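File shown: protein_6.txt (compact mmCIF, N, CA and C atoms).
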# COMPACT_ATOMS: atom_id res chain seq x y z
N MET A 1 48.86 169.40 39.53
CA MET A 1 48.00 169.55 38.40
C MET A 1 46.56 169.29 38.82
N ILE A 2 45.65 169.86 38.06
CA ILE A 2 44.22 169.69 38.32
C ILE A 2 43.62 169.08 37.05
N GLY A 3 42.85 168.00 37.24
CA GLY A 3 42.22 167.36 36.10
C GLY A 3 41.16 166.38 36.55
N ARG A 4 40.61 165.68 35.56
CA ARG A 4 39.56 164.68 35.81
C ARG A 4 40.09 163.28 35.52
N LEU A 5 39.66 162.32 36.35
CA LEU A 5 40.07 160.93 36.16
C LEU A 5 39.49 160.38 34.87
N GLY A 6 40.35 159.67 34.11
CA GLY A 6 39.91 159.06 32.87
C GLY A 6 39.27 157.71 33.08
N LYS A 7 39.52 157.08 34.22
CA LYS A 7 38.93 155.79 34.57
C LYS A 7 39.04 155.61 36.08
N ASP A 8 38.33 154.64 36.61
CA ASP A 8 38.46 154.32 38.03
C ASP A 8 39.89 153.85 38.30
N PRO A 9 40.42 154.15 39.48
CA PRO A 9 41.79 153.70 39.80
C PRO A 9 41.92 152.18 39.75
N ASP A 10 43.07 151.72 39.28
CA ASP A 10 43.42 150.30 39.26
C ASP A 10 44.21 150.03 40.53
N VAL A 11 43.71 149.16 41.39
CA VAL A 11 44.35 148.87 42.67
C VAL A 11 45.14 147.58 42.58
N ARG A 12 46.40 147.64 43.02
CA ARG A 12 47.28 146.47 43.03
C ARG A 12 48.12 146.51 44.30
N TYR A 13 48.93 145.46 44.47
CA TYR A 13 49.81 145.38 45.64
C TYR A 13 51.21 144.96 45.19
N THR A 14 52.23 145.55 45.82
CA THR A 14 53.61 145.14 45.56
C THR A 14 53.84 143.80 46.25
N PRO A 15 54.93 143.10 45.94
CA PRO A 15 55.22 141.82 46.60
C PRO A 15 55.29 141.93 48.13
N ASP A 16 55.68 143.11 48.65
CA ASP A 16 55.75 143.25 50.11
C ASP A 16 54.43 143.70 50.73
N GLY A 17 53.35 143.80 49.91
CA GLY A 17 52.03 144.10 50.43
C GLY A 17 51.64 145.57 50.40
N THR A 18 52.47 146.44 49.85
CA THR A 18 52.13 147.87 49.76
C THR A 18 51.08 148.08 48.68
N MET A 19 50.01 148.79 49.03
CA MET A 19 48.96 149.08 48.07
C MET A 19 49.43 150.14 47.09
N VAL A 20 49.09 149.95 45.80
CA VAL A 20 49.44 150.88 44.74
C VAL A 20 48.19 151.12 43.90
N THR A 21 47.90 152.39 43.58
CA THR A 21 46.83 152.67 42.63
C THR A 21 47.42 153.39 41.43
N ASN A 22 46.88 153.07 40.27
CA ASN A 22 47.24 153.72 39.02
C ASN A 22 45.97 154.28 38.41
N PHE A 23 46.04 155.50 37.91
CA PHE A 23 44.91 156.06 37.17
C PHE A 23 45.42 157.13 36.22
N THR A 24 44.58 157.49 35.27
CA THR A 24 44.95 158.54 34.33
C THR A 24 44.18 159.81 34.69
N LEU A 25 44.84 160.94 34.45
CA LEU A 25 44.27 162.24 34.75
C LEU A 25 44.31 163.07 33.47
N ALA A 26 43.20 163.66 33.09
CA ALA A 26 43.12 164.50 31.90
C ALA A 26 43.16 165.97 32.31
N THR A 27 44.08 166.71 31.70
CA THR A 27 44.12 168.16 31.89
C THR A 27 43.81 168.80 30.55
N ASP A 28 43.10 169.92 30.58
CA ASP A 28 42.68 170.61 29.37
C ASP A 28 43.35 171.97 29.25
N GLU A 29 43.65 172.33 28.01
CA GLU A 29 44.17 173.65 27.69
C GLU A 29 43.24 174.24 26.64
N GLN A 30 42.78 175.46 26.89
CA GLN A 30 41.92 176.14 25.92
C GLN A 30 42.58 177.45 25.52
N ARG A 31 42.56 177.70 24.21
CA ARG A 31 43.10 178.95 23.70
C ARG A 31 42.45 179.25 22.37
N LYS A 32 42.76 180.41 21.84
CA LYS A 32 42.24 180.78 20.53
C LYS A 32 43.40 180.85 19.55
N ASP A 33 43.16 180.35 18.32
CA ASP A 33 44.20 180.42 17.30
C ASP A 33 44.23 181.82 16.69
N LYS A 34 45.09 182.03 15.68
CA LYS A 34 45.25 183.36 15.09
C LYS A 34 43.99 183.88 14.42
N ASN A 35 43.05 182.97 14.08
CA ASN A 35 41.78 183.37 13.47
C ASN A 35 40.68 183.56 14.51
N GLY A 36 41.02 183.41 15.77
CA GLY A 36 40.03 183.57 16.84
C GLY A 36 39.21 182.33 17.12
N GLU A 37 39.55 181.22 16.47
CA GLU A 37 38.84 179.96 16.70
C GLU A 37 39.31 179.34 18.01
N LYS A 38 38.36 178.82 18.77
CA LYS A 38 38.68 178.19 20.04
C LYS A 38 39.29 176.81 19.81
N ILE A 39 40.43 176.57 20.44
CA ILE A 39 41.12 175.28 20.36
C ILE A 39 41.21 174.70 21.76
N GLN A 40 40.82 173.44 21.88
CA GLN A 40 40.92 172.76 23.17
C GLN A 40 41.82 171.54 22.99
N LYS A 41 42.80 171.40 23.86
CA LYS A 41 43.73 170.28 23.82
C LYS A 41 43.68 169.56 25.16
N THR A 42 43.54 168.25 25.13
CA THR A 42 43.54 167.43 26.34
C THR A 42 44.85 166.65 26.40
N GLU A 43 45.49 166.70 27.55
CA GLU A 43 46.73 165.96 27.80
C GLU A 43 46.43 164.91 28.87
N TRP A 44 46.90 163.68 28.66
CA TRP A 44 46.68 162.60 29.62
C TRP A 44 47.95 162.33 30.41
N HIS A 45 47.80 162.13 31.72
CA HIS A 45 48.91 161.90 32.64
C HIS A 45 48.67 160.60 33.40
N ARG A 46 49.73 159.81 33.57
CA ARG A 46 49.66 158.59 34.37
C ARG A 46 50.00 158.96 35.81
N ILE A 47 49.12 158.60 36.74
CA ILE A 47 49.31 158.91 38.16
C ILE A 47 49.47 157.60 38.93
N VAL A 48 50.44 157.55 39.85
CA VAL A 48 50.68 156.38 40.70
C VAL A 48 50.69 156.86 42.15
N THR A 49 49.98 156.14 43.01
CA THR A 49 50.00 156.45 44.45
C THR A 49 50.34 155.18 45.22
N PHE A 50 50.92 155.35 46.40
CA PHE A 50 51.35 154.25 47.25
C PHE A 50 50.78 154.37 48.66
N GLY A 51 50.67 153.23 49.36
CA GLY A 51 50.33 153.21 50.78
C GLY A 51 48.96 153.78 51.11
N LYS A 52 48.91 154.61 52.14
CA LYS A 52 47.65 155.18 52.62
C LYS A 52 46.98 156.03 51.55
N LEU A 53 47.78 156.82 50.82
CA LEU A 53 47.21 157.64 49.74
C LEU A 53 46.59 156.74 48.67
N ALA A 54 47.22 155.61 48.37
CA ALA A 54 46.66 154.65 47.41
C ALA A 54 45.33 154.10 47.91
N GLU A 55 45.26 153.82 49.20
CA GLU A 55 44.01 153.30 49.78
C GLU A 55 42.89 154.33 49.65
N ILE A 56 43.18 155.57 49.93
CA ILE A 56 42.19 156.64 49.82
C ILE A 56 41.75 156.80 48.37
N CYS A 57 42.71 156.82 47.45
CA CYS A 57 42.38 156.95 46.03
C CYS A 57 41.52 155.78 45.56
N GLY A 58 41.89 154.57 45.97
CA GLY A 58 41.13 153.39 45.58
C GLY A 58 39.71 153.38 46.11
N ASN A 59 39.50 153.96 47.29
CA ASN A 59 38.18 153.97 47.91
C ASN A 59 37.29 155.12 47.46
N TYR A 60 37.86 156.27 47.12
CA TYR A 60 37.06 157.46 46.90
C TYR A 60 37.07 158.03 45.49
N LEU A 61 38.06 157.69 44.68
CA LEU A 61 38.13 158.28 43.35
C LEU A 61 37.39 157.42 42.33
N VAL A 62 36.71 158.09 41.41
CA VAL A 62 35.99 157.42 40.33
C VAL A 62 36.19 158.21 39.04
N LYS A 63 35.94 157.54 37.94
CA LYS A 63 36.06 158.16 36.63
C LYS A 63 35.29 159.48 36.60
N GLY A 64 35.93 160.53 36.08
CA GLY A 64 35.28 161.83 35.94
C GLY A 64 35.47 162.77 37.11
N LYS A 65 35.97 162.26 38.25
CA LYS A 65 36.13 163.08 39.45
C LYS A 65 37.23 164.12 39.24
N LEU A 66 36.99 165.35 39.67
CA LEU A 66 37.96 166.43 39.58
C LEU A 66 38.88 166.40 40.79
N VAL A 67 40.20 166.32 40.55
CA VAL A 67 41.16 166.23 41.64
C VAL A 67 42.38 167.11 41.36
N PHE A 68 43.03 167.49 42.45
CA PHE A 68 44.34 168.14 42.41
C PHE A 68 45.34 167.07 42.83
N VAL A 69 46.41 166.89 42.04
CA VAL A 69 47.45 165.91 42.36
C VAL A 69 48.79 166.63 42.36
N GLU A 70 49.58 166.35 43.39
CA GLU A 70 50.92 166.91 43.51
C GLU A 70 51.89 165.75 43.67
N GLY A 71 53.03 165.84 42.99
CA GLY A 71 54.01 164.77 43.11
C GLY A 71 55.23 165.03 42.26
N ARG A 72 56.00 163.96 42.07
CA ARG A 72 57.23 164.07 41.28
C ARG A 72 57.07 163.29 39.99
N ILE A 73 57.79 163.73 38.97
CA ILE A 73 57.76 163.07 37.67
C ILE A 73 58.83 161.99 37.64
N GLN A 74 58.47 160.83 37.12
CA GLN A 74 59.41 159.72 37.00
C GLN A 74 59.27 159.10 35.61
N THR A 75 60.39 158.91 34.92
CA THR A 75 60.39 158.27 33.61
C THR A 75 61.07 156.92 33.72
N ASN A 76 60.43 155.89 33.20
CA ASN A 76 60.97 154.54 33.19
C ASN A 76 61.19 154.10 31.75
N SER A 77 62.18 153.24 31.53
CA SER A 77 62.42 152.71 30.19
C SER A 77 62.54 151.20 30.26
N TRP A 78 62.26 150.53 29.14
CA TRP A 78 62.38 149.10 29.02
C TRP A 78 62.48 148.76 27.54
N GLU A 79 62.88 147.53 27.26
CA GLU A 79 62.92 147.05 25.89
C GLU A 79 61.72 146.15 25.66
N ASP A 80 61.00 146.40 24.56
CA ASP A 80 59.86 145.55 24.25
C ASP A 80 60.34 144.24 23.63
N LYS A 81 59.40 143.37 23.26
CA LYS A 81 59.76 142.05 22.75
C LYS A 81 60.54 142.10 21.44
N ASP A 82 60.46 143.23 20.72
CA ASP A 82 61.20 143.39 19.46
C ASP A 82 62.53 144.10 19.67
N GLY A 83 62.91 144.36 20.93
CA GLY A 83 64.17 145.01 21.23
C GLY A 83 64.15 146.53 21.10
N VAL A 84 62.96 147.11 20.93
CA VAL A 84 62.82 148.56 20.82
C VAL A 84 62.73 149.17 22.21
N LYS A 85 63.52 150.20 22.46
CA LYS A 85 63.50 150.85 23.78
C LYS A 85 62.23 151.70 23.89
N ARG A 86 61.47 151.50 24.96
CA ARG A 86 60.21 152.22 25.21
C ARG A 86 60.35 153.03 26.49
N TYR A 87 59.55 154.08 26.59
CA TYR A 87 59.58 154.97 27.75
C TYR A 87 58.15 155.24 28.22
N THR A 88 58.01 155.45 29.51
CA THR A 88 56.75 155.94 30.06
C THR A 88 57.08 156.94 31.15
N THR A 89 56.27 157.97 31.24
CA THR A 89 56.45 159.00 32.25
C THR A 89 55.21 159.03 33.13
N GLU A 90 55.40 159.04 34.44
CA GLU A 90 54.29 159.04 35.39
C GLU A 90 54.53 160.06 36.49
N ILE A 91 53.45 160.45 37.12
CA ILE A 91 53.51 161.31 38.29
C ILE A 91 53.36 160.40 39.51
N ILE A 92 54.38 160.38 40.38
CA ILE A 92 54.30 159.64 41.63
C ILE A 92 53.72 160.62 42.64
N ALA A 93 52.44 160.46 42.94
CA ALA A 93 51.72 161.43 43.76
C ALA A 93 52.11 161.35 45.23
N SER A 94 52.28 162.52 45.83
CA SER A 94 52.54 162.61 47.27
C SER A 94 51.39 163.31 47.98
N ASN A 95 50.51 163.95 47.21
CA ASN A 95 49.39 164.69 47.77
C ASN A 95 48.25 164.66 46.77
N MET A 96 47.02 164.51 47.26
CA MET A 96 45.84 164.50 46.41
C MET A 96 44.73 165.24 47.13
N GLN A 97 44.01 166.07 46.40
CA GLN A 97 42.89 166.79 46.97
C GLN A 97 41.69 166.61 46.05
N MET A 98 40.58 166.10 46.59
CA MET A 98 39.36 165.95 45.82
C MET A 98 38.67 167.31 45.73
N LEU A 99 38.32 167.72 44.53
CA LEU A 99 37.74 169.04 44.33
C LEU A 99 36.24 169.00 44.09
N ASP A 100 35.68 167.82 43.76
CA ASP A 100 34.23 167.68 43.64
C ASP A 100 33.62 167.60 45.03
N SER A 101 32.30 167.70 45.10
CA SER A 101 31.65 167.60 46.40
C SER A 101 31.80 166.20 46.96
N LYS A 102 31.74 166.07 48.28
CA LYS A 102 31.96 164.80 48.96
C LYS A 102 30.92 163.75 48.58
N GLY A 103 29.74 164.14 48.17
CA GLY A 103 28.68 163.19 47.84
C GLY A 103 28.93 162.44 46.54
N GLN A 104 30.01 162.76 45.82
CA GLN A 104 30.26 162.14 44.52
C GLN A 104 31.37 161.11 44.58
N ASN A 105 31.46 160.34 45.68
CA ASN A 105 32.52 159.33 45.76
C ASN A 105 31.93 157.93 45.72
N LYS A 106 32.78 156.91 45.77
CA LYS A 106 32.35 155.52 45.65
C LYS A 106 31.53 155.03 46.83
N THR A 107 31.80 155.56 48.01
CA THR A 107 31.11 155.06 49.19
C THR A 107 29.76 155.73 49.34
N SER A 108 28.96 155.24 50.26
CA SER A 108 27.62 155.79 50.45
C SER A 108 27.61 156.95 51.43
N GLU A 109 28.80 157.40 51.85
CA GLU A 109 28.85 158.54 52.76
C GLU A 109 28.32 159.78 52.05
N SER A 110 27.62 160.63 52.79
CA SER A 110 27.20 161.90 52.21
C SER A 110 27.34 162.98 53.25
N SER A 111 27.56 164.18 52.77
CA SER A 111 27.77 165.30 53.67
C SER A 111 27.34 166.57 52.98
N SER A 112 26.80 167.51 53.73
CA SER A 112 26.42 168.79 53.15
C SER A 112 27.64 169.70 53.00
N ASP A 113 28.75 169.35 53.63
CA ASP A 113 29.98 170.12 53.54
C ASP A 113 30.66 169.81 52.21
N SER A 114 30.87 170.83 51.37
CA SER A 114 31.47 170.59 50.06
C SER A 114 32.91 171.07 50.00
N ALA A 115 33.57 171.23 51.13
CA ALA A 115 34.96 171.66 51.15
C ALA A 115 35.84 170.54 50.60
N PRO A 116 36.90 170.88 49.85
CA PRO A 116 37.78 169.85 49.31
C PRO A 116 38.46 169.07 50.42
N GLU A 117 38.73 167.79 50.15
CA GLU A 117 39.46 166.96 51.10
C GLU A 117 40.87 166.79 50.58
N SER A 118 41.85 166.89 51.47
CA SER A 118 43.24 166.78 51.07
C SER A 118 43.88 165.59 51.76
N PHE A 119 44.69 164.83 51.00
CA PHE A 119 45.36 163.67 51.54
C PHE A 119 46.82 163.74 51.15
N ASN A 120 47.70 163.40 52.08
CA ASN A 120 49.13 163.49 51.84
C ASN A 120 49.76 162.16 52.14
N ASN A 121 50.69 161.76 51.31
CA ASN A 121 51.44 160.52 51.50
C ASN A 121 52.87 160.92 51.81
N GLY A 122 53.37 160.56 52.98
CA GLY A 122 54.70 160.96 53.40
C GLY A 122 55.80 160.62 52.41
N SER A 123 55.83 159.38 51.92
CA SER A 123 56.86 159.01 50.96
C SER A 123 56.39 157.84 50.14
N ALA A 124 56.96 157.70 48.97
CA ALA A 124 56.67 156.58 48.09
C ALA A 124 57.95 155.80 47.87
N PRO A 125 57.83 154.49 47.68
CA PRO A 125 59.03 153.71 47.42
C PRO A 125 59.76 154.20 46.18
N VAL A 126 61.07 154.17 46.24
CA VAL A 126 61.89 154.65 45.13
C VAL A 126 61.99 153.57 44.05
N GLU A 127 61.96 152.30 44.44
CA GLU A 127 62.13 151.23 43.47
C GLU A 127 60.98 151.19 42.48
N ASP A 128 61.27 150.70 41.30
CA ASP A 128 60.26 150.62 40.24
C ASP A 128 59.21 149.59 40.60
N VAL A 129 57.98 149.87 40.24
CA VAL A 129 56.89 148.94 40.43
C VAL A 129 56.64 148.28 39.08
N PRO A 130 56.55 146.95 39.01
CA PRO A 130 56.49 146.25 37.72
C PRO A 130 55.16 146.35 37.01
N PHE A 131 54.35 147.38 37.23
CA PHE A 131 53.10 147.54 36.49
C PHE A 131 52.75 148.97 36.32
Structure rendered as structure tokens:
Amino acid sequence: MIGRLGKDPDVRYTPDGTMVTNFTLATDEQRKDKNGEKIQKTEWHRIVTFGKLAEICGNYLVKGKLVFVEGRIQTNSWEDKDGVKRYTTEIIASNMQMLDSKGQNKTSESSSDSAPESFNNGSAPVEDVPF
């Protein structure tokens, strides 16, 4: 999917020291209704990255940045304090490509080359992360 970050990535670590980043990605759909009026719908997606890809996301991604994210969908469930079963669905990213120019990242690096950068994470842990 291609979208813009809704906030800066949240960086955390698992008990075994693996870096994890969480962020939201907004994707937009534009169409016209039967009267020809333009309708825009924004869908929000929870993205999780692990390891080296998490490190890259934590260092270079910022709110508003346009990115391509590829991964698998994972749904988790739990019971809240009132005993109600809750669900959340997230994309466990295995690949990320920054689509904005390189000069728009968190670090002070700058480059005249505006080609997208692609990062791939070989695998992500299968076990649930408690956040």
Provide the atom C of Asp10 (chain A) to atom C of Val62 (chain A) distance in Å, to one decimal place.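 According to the coordinates, atom C of Asp10 (chain A) and atom C of Val62 (chain A) are separated by 11.6 Å.
In this model, the gap between CA of Arg72 (chain A) and CA of Gln40 (chain A) comes to 25.9 Å.
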Residues at most 8 Å from region 73-80 of chain A, counting all atoms listed in the file, excluding those fewer than 3 positions away in the same chain, as an MDAnalysis selection string? chainID A and resid 70 83:93
If you count all atoms listed in the file, the residue of A:Gly71, A:Gly36, A:Gly3, A:Gly51 closest to Gly17 (chain A) turns out to be A:Gly51
Residue list as an NGL selection string for point (37.4, 157.9, 41.4), cut-off 7 Å, only N, CA and C atoms: :A and (5 or 7-9 or 57-65 or 105-106)
Calculated over all atoms listed in the file, which of the candidates A:Asn95, A:Ile56, A:Leu25, A:Arg46 has the smallest distance to Ile2 (chain A)?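 Answer, going by the shortest atom-to-atom distance: A:Leu25.
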For atom C of Val69 (chain A) and CA of Asn22 (chain A), quote the distance in Å rounded to one decimal. 13.4 Å
